[in-house]
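Colleague: Dropping the structure in here first, questions after.
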Amino acid sequence: MMTKQIDKPERKEIESVCTYCGVGCDITGVVENNKIVKIYAQKDGVVSEGKLCIKGKYGYDFVDAKDRIREPRIRKTFLDKNPHIKDKFQDKLSCFDDDFMTGDVETATGIAAMKLAEIKQKYGGESFCAIGGARTSCESAYSFQKFCRQTMGSPHVDNCARVCHSPSLKGMKTTIGEGAATNPYNDIYETEFMVVIGSNTMEAHPIIANRIVSMARTHNNLAVIDVRETKLAKLAKYNCIIPFEANMLILNMMAYVIIDEELYDKSFIGNRTKDFDVYKESILNDPYANPAFLSKIEGYEYLAKMVSNIAREYAVKKSMIFWGLGITEHLDGSYAVMAMTNLALMTGNIGKTGAGLMPLRGQNNVQGACDMGCLPYYLPDYQNTPSGLMTPQLVEAMNEGQIKALLNMGEDIMHIHPNIEKIDKAMDNLEFCMVQELFMTEVTKKADIIIGVKSAYEKTGVYVNAMRRLHLSQPLVESDLPDDWEVLTQMAQKLGDGDNFHFKSSEDVWNEVRVEAPRRFSGAAYYRLERHRKRGMQWPIYHEDTPILHLLDFRTDDGLGKFVYKQYDLRGQIEEILENKFYDDSPNGFYLTTGRTLPHYNNAAQTKRTKSLYDKHSEDTLFAAIEDEGKFGDKVILKSEYGETEALNVVYTKKVKPKTLFCTFHHAKSRINAVFGDESDALILTARFKSVKVDVIPVGDEVACG
Ligand code: SF4
């Protein structure tokens, strides 16, 4: 009898880095016949510690998804409007569907280059802008800003840090000279006290949360400060639920207690800082800084005592502060970051093991995108340059007709940015828009050319995680799609900038980064990153790397940390409570905040392609307080002065306070971001996503209420 021969699949295990959040977990991909069949973390993984969250573990189906953008798409209406371009490339194009023609990447970049050259000649280079995401590698981010600045001659380059951690960069750079986490994650095991503020760490940065949880369980040393009860708060010694827009208030109160009770570190202040005396006087005379003020805030009176106790423990112990977008996405995000650096400076909780400041970065390479100069006011390595426009200003300039062309690299500005109705109109005003993406998203609906690119699991490149750790990724599977930097190189060459874009490999690009950004990356050659892939290396990297920053000096011009005082501005919910205008039986005047949930990442473009992740959270959900259950039913629309959402299911919970709401934002169809306007951080224009006043309209009552 003949035995049927079954070919054994070729099986490989390849080490790389997770493509989702800024934690940057080391992963091992199990690959059979060029298909990922499993992702796991090795037990000795330095970041993962052998564990991955469900996104890292299961969220790889997107790589082979049927709806990946495999062929470039060129919109037919664009070709009709540009008949000379159509004529030139006609022979190389074929029909893709009702809306698009298709051709190879050479053809698509050729069309894009021709149109961009015309726009540059007609309106000048500054009519072009580039808005990128931070999911691609440093090599692509570097090429992106270089293409914008050098090839197109425009200063207008920005990245998704505008809607997340730009205030962290601004606040930390102003006070301590460096806008990045001061310590490695494992310093959590060395610390004596942890303050987590404005961060839903267990869902947004779960593998860092694992460390915090294990310390909180054994040492009872955690304070969680947020506008609602997050999962992490259940383990906290201090579950500190604060009113909306009260971060500055609470942080200044902590400073007041530390100064008033003389718990500050005189020697550290004397040796390593400046401007303390002025700051101290300002805080002691600040009308809102005494925690007793909180006893007048109905529903939050317990905070007066709790905030004082948190301040005392923070001051006398070796402490770390962690924060997320609950700090940065406010009117005073940058100042709140400065308020936290003030606390670290006055207590000496910085520049040593187990004490420091940890902004929990969102995307896997948002630190790297900023390091590479994808910001309008910094070149690579944070070198100064005359500023271009930030994204909200670019939207304005599109509406006013000054910006004519947009190159978008993986940033769904029509879903995850605020005021999406305004962005919609701005995009319609463009003469040309090109998008480099994995999937069709909201922003591709406006694109004239869309080029599908490699995902992180298909390419080699450097990623910088939330603790400044560089990880050189290697492809888990092969793909014939171009990398982002290859698309940019092709376009630059076609625009006559081939001398500046001579790259043949990602290593070529990276070697230029090491020359152009020497303060952080000169010693980070590929061969070293390969050799130390497991341990990773934290920038700045010369001969050695730098796990802890500010050991001897701060990275300011004079090496001193600087105190900056800013008084809390009375407003919003607190002002309304003080004036007895907040609590009532009306479904109007609720304060809404938004955030992520564990299974998904931002616009869910990748995570929703894994069925098990999608099924866990297939639509956005609104959480409201049990006390408000009688005011509206279980399906509502939220409406603000800017716009309204689609209908949302409501879950009533004890975890949010009366007249406040929390909603996830992953699904474009819910249009959550339509209710957010242009209010933003005073210094750096990061949108005020963590607070907006809305009316709650029961579904069925829209006409009556509208
Ligand atoms: S915590 Fe972040 S980096 Fe780690 S597995 Fe989850 S999504 Fe990936």
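Simple scheme: letters A, B, ... for chains in structure tokens order, numbers from 1 for residues in each chain, numbers from 1 for ligands in the order shown.
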Tell me, counting only C-alpha atoms and all ligand atoms, for each residue of chain A within 9 Å of ligand 1, which pair of atoms is nearest and how far apart they are in Å to one decimal, in rows ordered by chain and increasing number, as CSV.

Modeller:
```
residue,atom,partner,partner_atom_place_in_ligand_line,distance
A:Val17,CA,ligand 1,3 (S),7.5
A:Cys18,CA,ligand 1,8 (Fe),4.7
A:Thr19,CA,ligand 1,8 (Fe),6.3
A:Tyr20,CA,ligand 1,7 (S),4.5
A:Cys21,CA,ligand 1,2 (Fe),4.0
A:Gly22,CA,ligand 1,3 (S),6.0
A:Val23,CA,ligand 1,3 (S),4.5
A:Gly24,CA,ligand 1,3 (S),4.1
A:Cys25,CA,ligand 1,3 (S),4.2
A:Asp26,CA,ligand 1,3 (S),7.5
A:Ile27,CA,ligand 1,5 (S),7.8
A:Tyr40,CA,ligand 1,5 (S),9.0
A:Ala41,CA,ligand 1,5 (S),8.5
A:Val47,CA,ligand 1,4 (Fe),8.0
A:Ser48,CA,ligand 1,4 (Fe),6.4
A:Lys51,CA,ligand 1,5 (S),7.5
A:Leu52,CA,ligand 1,5 (S),4.1
A:Cys53,CA,ligand 1,6 (Fe),4.1
A:Ile54,CA,ligand 1,6 (Fe),6.5
A:Lys55,CA,ligand 1,7 (S),5.1
A:Gly56,CA,ligand 1,5 (S),3.6
A:Lys57,CA,ligand 1,5 (S),6.4
A:Gly59,CA,ligand 1,7 (S),8.7
A:Met202,CA,ligand 1,1 (S),9.0
A:Glu203,CA,ligand 1,1 (S),8.5
A:Ala204,CA,ligand 1,1 (S),7.4
A:His205,CA,ligand 1,1 (S),5.0
A:Pro206,CA,ligand 1,1 (S),4.7
A:Ile207,CA,ligand 1,1 (S),4.5
A:Ile208,CA,ligand 1,1 (S),7.0
A:Ala209,CA,ligand 1,1 (S),8.6
A:Gly362,CA,ligand 1,2 (Fe),8.8
A:Gln363,CA,ligand 1,2 (Fe),8.6
A:Asn364,CA,ligand 1,3 (S),6.9
A:Asn465,CA,ligand 1,3 (S),8.7
A:Leu598,CA,ligand 1,6 (Fe),8.5
A:Pro599,CA,ligand 1,7 (S),8.9
A:His600,CA,ligand 1,7 (S),8.8
A:Tyr601,CA,ligand 1,7 (S),7.8
```

Colleague: Near Trp539 (chain A), counting only C-alpha atoms, which residues have an atom at most 7 Å away, once you skip same-chain residues fewer than 4 positions from it, shown as a list in words?

Modeller: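 Listed by chain and then number, they are Arg468, Arg469, Arg520, Phe521, Asp545 and Thr546 of chain A.
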
Colleague: Using N, CA and C atoms, can you write the selected residues to a file as a tab-separated table (two decimals), in the first residue's frame?

Modeller:
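Result went into out.tsv, see below:
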```
chain	number	residue	atom	x	y	z
A	468	ARG	N	12.88	54.48	25.90
A	468	ARG	CA	14.02	54.85	25.03
A	468	ARG	C	14.82	53.65	24.55
A	469	ARG	N	14.21	52.49	24.58
A	469	ARG	CA	14.92	51.27	24.21
A	469	ARG	C	14.79	51.04	22.71
A	520	ARG	N	22.11	60.94	20.28
A	520	ARG	CA	21.38	59.78	20.80
A	520	ARG	C	21.77	58.47	20.13
A	521	PHE	N	22.16	58.53	18.85
A	521	PHE	CA	22.23	57.27	18.10
A	521	PHE	C	23.58	56.93	17.49
A	545	ASP	N	25.12	52.22	26.46
A	545	ASP	CA	23.82	52.88	26.40
A	545	ASP	C	23.52	53.52	27.76
A	546	THR	N	22.30	54.08	27.91
A	546	THR	CA	22.01	54.91	29.08
A	546	THR	C	20.67	54.53	29.70
```

Colleague: Show which residues sit within 10 Å of Tyr300 (chain A), as a list in words. Count only C-alpha atoms, and ignore same-chain residues fewer than 2 positions away.

Modeller: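 So the residues in contact are Cys240, Ile241, Ile242, Pro243, Leu294, Ser295, Lys296, Ile297, Glu298, Tyr302, Leu303, Ala304, Ile574 and Lys657 of chain A.
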
Colleague: Could you take the residues named above and write them with C-alpha atoms, as a PDB file, in the first residue's frame?

Modeller:
```pdb
ATOM      1  CA  CYS A 240      -8.099  59.015  43.862  1.00  0.00           C
ATOM      2  CA  ILE A 241     -11.028  59.855  41.568  1.00  0.00           C
ATOM      3  CA  ILE A 242     -10.804  63.530  40.717  1.00  0.00           C
ATOM      4  CA  PRO A 243     -13.085  66.001  38.909  1.00  0.00           C
ATOM      5  CA  LEU A 294     -11.189  70.267  47.802  1.00  0.00           C
ATOM      6  CA  SER A 295     -13.447  69.979  50.834  1.00  0.00           C
ATOM      7  CA  LYS A 296     -15.711  72.528  49.082  1.00  0.00           C
ATOM      8  CA  ILE A 297     -16.091  70.366  45.961  1.00  0.00           C
ATOM      9  CA  GLU A 298     -19.316  68.391  46.454  1.00  0.00           C
ATOM     10  CA  TYR A 302     -12.605  63.046  50.483  1.00  0.00           C
ATOM     11  CA  LEU A 303      -9.811  64.159  48.187  1.00  0.00           C
ATOM     12  CA  ALA A 304      -8.490  66.851  50.552  1.00  0.00           C
ATOM     13  CA  ILE A 574     -15.194  72.303  39.406  1.00  0.00           C
ATOM     14  CA  LYS A 657     -18.937  59.541  38.918  1.00  0.00           C
TER      15      LYS A 657
END
```

Colleague: Please return as a PyMOL selection string: the residues of region 91-335 of chain A that backbone DSSP assigns to helix (DSSP H, G or I).

Modeller: chain A and resi 91-92+105-123+125-127+138-151+160-163+166-176+185-190+201-204+206-219+231-235+247-260+266-272+276-284+291-296+303-316+325-328+333-335

Colleague: Find the residues around region 405-421 of chain A up to 9 Å (only C-alpha atoms counted), leave out those fewer than 4 positions away in its own chain, and share them as an MDAnalysis selection string.

Modeller: chainID A and resid 116 119 127:136 141 144 148 159:160 163 398 425:427 430:438 441:444 484 602:603 642:643 665:668 671:678 687:689

Colleague: Atoms to include: C-alpha atoms. Write the selected residues as a tab-separated table (two decimals), in the first residue's frame.

Modeller:
```tsv
chain	number	residue	atom	x	y	z
A	116	LEU	CA	3.95	67.27	-6.37
A	119	ILE	CA	2.26	71.97	-6.91
A	127	SER	CA	2.08	74.53	0.21
A	128	PHE	CA	2.98	70.90	0.95
A	129	CYS	CA	2.67	69.16	4.30
A	130	ALA	CA	3.38	65.70	5.69
A	131	ILE	CA	1.47	64.13	8.56
A	132	GLY	CA	2.68	60.74	9.70
A	133	GLY	CA	1.78	58.04	12.16
A	134	ALA	CA	4.25	56.42	14.47
A	135	ARG	CA	3.69	52.77	13.63
A	136	THR	CA	6.42	52.60	11.08
A	141	ALA	CA	10.08	58.38	9.91
A	144	PHE	CA	9.46	61.17	5.82
A	148	CYS	CA	9.16	67.03	3.44
A	159	ASN	CA	3.26	63.13	13.55
A	160	CYS	CA	0.66	61.54	15.76
A	163	VAL	CA	-2.60	64.14	19.57
A	398	MET	CA	-5.97	73.62	4.25
A	425	LYS	CA	-13.93	69.96	4.76
A	426	ALA	CA	-10.20	70.74	4.89
A	427	MET	CA	-9.36	67.54	3.00
A	430	LEU	CA	-6.68	69.89	-1.09
A	431	GLU	CA	-5.45	69.64	-4.64
A	432	PHE	CA	-3.62	66.42	-3.91
A	433	CYS	CA	-3.48	63.83	-1.15
A	434	MET	CA	-1.41	60.68	-1.06
A	435	VAL	CA	-1.62	58.03	1.67
A	436	GLN	CA	0.78	55.18	2.53
A	437	GLU	CA	-1.23	52.59	4.45
A	438	LEU	CA	-1.92	48.93	5.17
A	441	THR	CA	-9.27	53.80	6.41
A	442	GLU	CA	-11.24	57.00	6.82
A	443	VAL	CA	-8.39	59.12	5.45
A	444	THR	CA	-7.91	56.97	2.36
A	484	ASP	CA	7.54	53.43	3.58
A	602	ASN	CA	-6.54	53.25	18.18
A	603	ASN	CA	-8.54	53.07	14.91
A	642	TYR	CA	-19.11	70.66	17.38
A	643	GLY	CA	-21.12	67.67	16.30
A	665	PHE	CA	-13.14	55.48	20.42
A	666	HIS	CA	-11.96	52.55	18.29
A	667	HIS	CA	-14.75	52.30	15.74
A	668	ALA	CA	-15.05	55.05	13.12
A	671	ARG	CA	-18.02	59.15	15.33
A	672	ILE	CA	-16.94	59.90	18.89
A	673	ASN	CA	-14.42	62.48	17.77
A	674	ALA	CA	-17.13	64.56	16.13
A	675	VAL	CA	-17.97	65.96	19.59
A	676	PHE	CA	-14.45	67.30	20.18
A	677	GLY	CA	-13.50	70.75	18.96
A	678	ASP	CA	-10.35	72.78	18.57
A	687	ALA	CA	-6.39	68.24	21.45
A	688	ARG	CA	-8.40	68.34	24.68
A	689	PHE	CA	-9.65	64.78	24.15
```

Colleague: Within 6 Å of region 649-655 of chain A, counting only C-alpha atoms, which residues show up once you throw out same-chain ones fewer than 4 positions away? Write them as a ChimeraX atom specification, please.

Modeller: /A:228-229,621-626,634-635

Colleague: Would you write out those residues with C-alpha atoms, as a short mmCIF file (atom, residue, chain, number, x, y, z; two decimals), in the first residue's frame?

Modeller:
```cif
data_model
loop_
_atom_site.label_atom_id
_atom_site.label_comp_id
_atom_site.auth_asym_id
_atom_site.auth_seq_id
_atom_site.Cartn_x
_atom_site.Cartn_y
_atom_site.Cartn_z
CA ARG A 228 -12.89 57.36 36.87
CA GLU A 229 -12.03 54.10 38.59
CA THR A 621 -19.53 51.53 24.49
CA LEU A 622 -20.48 54.46 26.69
CA PHE A 623 -20.12 54.12 30.46
CA ALA A 624 -22.32 56.23 32.73
CA ALA A 625 -22.86 56.39 36.49
CA ILE A 626 -25.47 54.18 38.18
CA ASP A 634 -29.58 52.31 27.18
CA LYS A 635 -28.98 53.82 23.75
#
```

Colleague: Using DSSP secondary structure from the backbone, list all strand (DSSP E or B) positions within region 125-240 of chain A, as a VMD selection string.

Modeller: chain A and resid 128 to 132 157 to 159 193 to 197 222 to 226 228 238 to 240

Colleague: Could you save the residues just selected, with C-alpha atoms, as a CSV table (one decimal), in the first residue's frame?

Modeller:
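New file again_11.csv:
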```csv
chain,number,residue,atom,x,y,z
A,128,PHE,CA,3.0,70.9,1.0
A,129,CYS,CA,2.7,69.2,4.3
A,130,ALA,CA,3.4,65.7,5.7
A,131,ILE,CA,1.5,64.1,8.6
A,132,GLY,CA,2.7,60.7,9.7
A,157,VAL,CA,5.9,67.9,9.1
A,158,ASP,CA,4.1,66.5,12.0
A,159,ASN,CA,3.3,63.1,13.6
A,193,PHE,CA,6.0,54.5,45.8
A,194,MET,CA,4.2,54.8,42.5
A,195,VAL,CA,1.8,57.5,41.3
A,196,VAL,CA,-0.2,56.7,38.2
A,197,ILE,CA,-2.1,59.7,36.9
A,222,LEU,CA,0.3,52.7,44.6
A,223,ALA,CA,-1.7,55.8,44.1
A,224,VAL,CA,-4.0,56.0,41.1
A,225,ILE,CA,-5.3,59.4,40.1
A,226,ASP,CA,-8.0,59.6,37.4
A,228,ARG,CA,-12.9,57.4,36.9
A,238,TYR,CA,-5.1,55.6,47.1
A,239,ASN,CA,-7.9,55.3,44.6
A,240,CYS,CA,-8.1,59.0,43.9
```

Colleague: I'd like the neighbourhood of region 80-90 of chain A as a ChimeraX atom specification, where a residue qualifies if any of its atoms comes within 9 Å (using only C-alpha atoms), though same-chain residues fewer than 6 positions away should be ignored.

Modeller: /A:107,110-111,114-115

Colleague: For the residues in that selection, give me C-alpha atoms as a compact mmCIF listing (two decimals), in the first residue's frame.

Modeller:
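Once written, result_36.txt looks like this:
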```
# COMPACT_ATOMS: atom_id res chain seq x y z
CA THR A 107 3.91 54.22 -11.78
CA GLY A 110 5.79 58.63 -10.79
CA ILE A 111 2.28 60.11 -10.85
CA MET A 114 4.68 64.68 -11.21
CA LYS A 115 1.77 66.20 -9.31
```

Colleague: Which is closest to Lys274 (chain A) among A:Val515, A:Ala311, A:Val366, A:Val564, if we use only C-alpha atoms?

Modeller: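 When distances to Lys274 (chain A) are compared using only C-alpha atoms, the smallest one comes from A:Val564.
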
Colleague: Need to verify the contact set: Gly561 (chain A), 12 Å, only C-alpha atoms, exclusion of same-chain residues closer than 2 positions in sequence. Can you return it as a PDB file with N, CA and C atoms, in the first residue's frame?

Modeller:
```pdb
ATOM      1  N   GLY A 171       6.815  69.749  28.215  1.00  0.00           N
ATOM      2  CA  GLY A 171       6.940  69.961  29.661  1.00  0.00           C
ATOM      3  C   GLY A 171       8.278  69.484  30.207  1.00  0.00           C
ATOM      4  N   MET A 172       8.707  68.323  29.756  1.00  0.00           N
ATOM      5  CA  MET A 172       9.972  67.770  30.281  1.00  0.00           C
ATOM      6  C   MET A 172      11.174  68.504  29.696  1.00  0.00           C
ATOM      7  N   LYS A 173      11.102  68.860  28.432  1.00  0.00           N
ATOM      8  CA  LYS A 173      12.247  69.539  27.807  1.00  0.00           C
ATOM      9  C   LYS A 173      12.442  70.913  28.451  1.00  0.00           C
ATOM     10  N   THR A 174      11.345  71.591  28.763  1.00  0.00           N
ATOM     11  CA  THR A 174      11.436  72.916  29.380  1.00  0.00           C
ATOM     12  C   THR A 174      12.101  72.836  30.755  1.00  0.00           C
ATOM     13  N   THR A 175      11.823  71.791  31.497  1.00  0.00           N
ATOM     14  CA  THR A 175      12.258  71.746  32.903  1.00  0.00           C
ATOM     15  C   THR A 175      13.514  70.905  33.134  1.00  0.00           C
ATOM     16  N   ILE A 176      13.643  69.801  32.408  1.00  0.00           N
ATOM     17  CA  ILE A 176      14.801  68.931  32.652  1.00  0.00           C
ATOM     18  C   ILE A 176      15.594  68.635  31.368  1.00  0.00           C
ATOM     19  N   GLY A 177      15.193  69.244  30.269  1.00  0.00           N
ATOM     20  CA  GLY A 177      16.004  69.200  29.054  1.00  0.00           C
ATOM     21  C   GLY A 177      15.841  67.974  28.189  1.00  0.00           C
ATOM     22  N   GLU A 178      14.983  67.043  28.563  1.00  0.00           N
ATOM     23  CA  GLU A 178      14.822  65.833  27.751  1.00  0.00           C
ATOM     24  C   GLU A 178      13.399  65.317  27.901  1.00  0.00           C
ATOM     25  N   PHE A 268      19.310  68.340  47.189  1.00  0.00           N
ATOM     26  CA  PHE A 268      19.098  68.130  45.747  1.00  0.00           C
ATOM     27  C   PHE A 268      18.702  69.451  45.084  1.00  0.00           C
ATOM     28  N   ILE A 269      17.798  70.164  45.726  1.00  0.00           N
ATOM     29  CA  ILE A 269      17.342  71.445  45.157  1.00  0.00           C
ATOM     30  C   ILE A 269      18.528  72.398  45.023  1.00  0.00           C
ATOM     31  N   GLY A 270      19.376  72.447  46.053  1.00  0.00           N
ATOM     32  CA  GLY A 270      20.525  73.363  46.047  1.00  0.00           C
ATOM     33  C   GLY A 270      21.561  72.997  45.002  1.00  0.00           C
ATOM     34  N   ASN A 271      21.817  71.723  44.836  1.00  0.00           N
ATOM     35  CA  ASN A 271      22.889  71.294  43.922  1.00  0.00           C
ATOM     36  C   ASN A 271      22.459  71.167  42.472  1.00  0.00           C
ATOM     37  N   ARG A 272      21.188  70.850  42.240  1.00  0.00           N
ATOM     38  CA  ARG A 272      20.849  70.421  40.882  1.00  0.00           C
ATOM     39  C   ARG A 272      19.723  71.209  40.219  1.00  0.00           C
ATOM     40  N   THR A 273      19.185  72.204  40.923  1.00  0.00           N
ATOM     41  CA  THR A 273      18.034  72.905  40.327  1.00  0.00           C
ATOM     42  C   THR A 273      18.189  74.421  40.444  1.00  0.00           C
ATOM     43  N   LYS A 274      17.280  75.132  39.785  1.00  0.00           N
ATOM     44  CA  LYS A 274      17.233  76.585  39.949  1.00  0.00           C
ATOM     45  C   LYS A 274      15.770  77.061  39.994  1.00  0.00           C
ATOM     46  N   ASP A 275      15.602  78.282  40.489  1.00  0.00           N
ATOM     47  CA  ASP A 275      14.291  78.955  40.546  1.00  0.00           C
ATOM     48  C   ASP A 275      13.330  78.344  41.570  1.00  0.00           C
ATOM     49  N   PHE A 276      13.871  77.615  42.571  1.00  0.00           N
ATOM     50  CA  PHE A 276      12.968  77.006  43.557  1.00  0.00           C
ATOM     51  C   PHE A 276      12.305  78.053  44.441  1.00  0.00           C
ATOM     52  N   MET A 338       4.972  69.784  33.527  1.00  0.00           N
ATOM     53  CA  MET A 338       5.942  70.581  34.297  1.00  0.00           C
ATOM     54  C   MET A 338       5.650  70.473  35.796  1.00  0.00           C
ATOM     55  N   THR A 341       7.292  67.378  36.902  1.00  0.00           N
ATOM     56  CA  THR A 341       8.758  67.486  37.018  1.00  0.00           C
ATOM     57  C   THR A 341       9.114  68.347  38.229  1.00  0.00           C
ATOM     58  N   ASN A 342       8.283  69.357  38.539  1.00  0.00           N
ATOM     59  CA  ASN A 342       8.518  70.139  39.765  1.00  0.00           C
ATOM     60  C   ASN A 342       8.550  69.220  40.984  1.00  0.00           C
ATOM     61  N   LEU A 343       7.582  68.294  41.051  1.00  0.00           N
ATOM     62  CA  LEU A 343       7.516  67.378  42.207  1.00  0.00           C
ATOM     63  C   LEU A 343       8.774  66.513  42.278  1.00  0.00           C
ATOM     64  N   ALA A 344       9.206  65.999  41.120  1.00  0.00           N
ATOM     65  CA  ALA A 344      10.397  65.142  41.107  1.00  0.00           C
ATOM     66  C   ALA A 344      11.632  65.933  41.522  1.00  0.00           C
ATOM     67  N   LEU A 345      11.719  67.179  41.017  1.00  0.00           N
ATOM     68  CA  LEU A 345      12.901  67.997  41.329  1.00  0.00           C
ATOM     69  C   LEU A 345      12.939  68.378  42.805  1.00  0.00           C
ATOM     70  N   MET A 346      11.791  68.697  43.382  1.00  0.00           N
ATOM     71  CA  MET A 346      11.836  69.180  44.769  1.00  0.00           C
ATOM     72  C   MET A 346      12.074  68.038  45.762  1.00  0.00           C
ATOM     73  N   GLY A 348      13.921  65.210  44.843  1.00  0.00           N
ATOM     74  CA  GLY A 348      15.075  64.404  44.410  1.00  0.00           C
ATOM     75  C   GLY A 348      14.672  63.056  43.849  1.00  0.00           C
ATOM     76  N   ILE A 350      14.460  61.775  41.010  1.00  0.00           N
ATOM     77  CA  ILE A 350      14.866  61.723  39.604  1.00  0.00           C
ATOM     78  C   ILE A 350      16.388  61.573  39.561  1.00  0.00           C
ATOM     79  N   GLY A 351      16.869  60.918  38.514  1.00  0.00           N
ATOM     80  CA  GLY A 351      18.318  60.768  38.365  1.00  0.00           C
ATOM     81  C   GLY A 351      18.893  59.677  39.235  1.00  0.00           C
ATOM     82  N   HIS A 550      19.855  61.660  33.506  1.00  0.00           N
ATOM     83  CA  HIS A 550      20.016  62.732  34.503  1.00  0.00           C
ATOM     84  C   HIS A 550      20.752  62.297  35.766  1.00  0.00           C
ATOM     85  N   LEU A 552      23.895  62.709  36.671  1.00  0.00           N
ATOM     86  CA  LEU A 552      24.756  63.775  37.204  1.00  0.00           C
ATOM     87  C   LEU A 552      24.193  65.160  36.917  1.00  0.00           C
ATOM     88  N   ASP A 553      23.736  65.369  35.714  1.00  0.00           N
ATOM     89  CA  ASP A 553      23.231  66.674  35.296  1.00  0.00           C
ATOM     90  C   ASP A 553      21.944  66.473  34.516  1.00  0.00           C
ATOM     91  N   PHE A 554      21.132  67.522  34.506  1.00  0.00           N
ATOM     92  CA  PHE A 554      19.984  67.490  33.602  1.00  0.00           C
ATOM     93  C   PHE A 554      20.467  67.893  32.216  1.00  0.00           C
ATOM     94  N   ARG A 555      19.689  67.549  31.230  1.00  0.00           N
ATOM     95  CA  ARG A 555      20.137  67.780  29.843  1.00  0.00           C
ATOM     96  C   ARG A 555      19.696  69.161  29.350  1.00  0.00           C
ATOM     97  N   THR A 556      19.723  70.117  30.284  1.00  0.00           N
ATOM     98  CA  THR A 556      19.464  71.525  29.959  1.00  0.00           C
ATOM     99  C   THR A 556      20.804  72.195  29.635  1.00  0.00           C
ATOM    100  N   ASP A 557      20.762  73.433  29.146  1.00  0.00           N
ATOM    101  CA  ASP A 557      22.008  74.119  28.765  1.00  0.00           C
ATOM    102  C   ASP A 557      22.977  74.243  29.944  1.00  0.00           C
ATOM    103  N   ASP A 558      22.453  74.550  31.138  1.00  0.00           N
ATOM    104  CA  ASP A 558      23.345  74.704  32.293  1.00  0.00           C
ATOM    105  C   ASP A 558      23.363  73.475  33.198  1.00  0.00           C
ATOM    106  N   GLY A 559      22.688  72.429  32.785  1.00  0.00           N
ATOM    107  CA  GLY A 559      22.703  71.180  33.553  1.00  0.00           C
ATOM    108  C   GLY A 559      21.785  71.186  34.771  1.00  0.00           C
ATOM    109  N   PHE A 563      12.449  74.921  37.907  1.00  0.00           N
ATOM    110  CA  PHE A 563      11.069  74.923  38.394  1.00  0.00           C
ATOM    111  C   PHE A 563      10.251  75.926  37.582  1.00  0.00           C
ATOM    112  N   VAL A 564       9.077  75.503  37.171  1.00  0.00           N
ATOM    113  CA  VAL A 564       8.168  76.403  36.439  1.00  0.00           C
ATOM    114  C   VAL A 564       6.804  76.361  37.131  1.00  0.00           C
TER     115      VAL A 564
END
```

Colleague: Between A:His156, A:Asn399, A:Ala236, A:Ile36, which is the closest to Phe62 (chain A) once you count only C-alpha atoms?

Modeller: A:Ile36

Colleague: Closest to Gln493 (chain A) among A:Ile69, A:Ile450, A:Ala112, A:Ile74, using only C-alpha atoms?

Modeller: A:Ala112

Colleague: Which of these, A:Leu570, A:Met491, A:Val227, A:Val37, has the shortest distance to Phe662 (chain A) once you count only C-alpha atoms?

Modeller: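 Answer, going by the shortest atom-to-atom distance: A:Val227.
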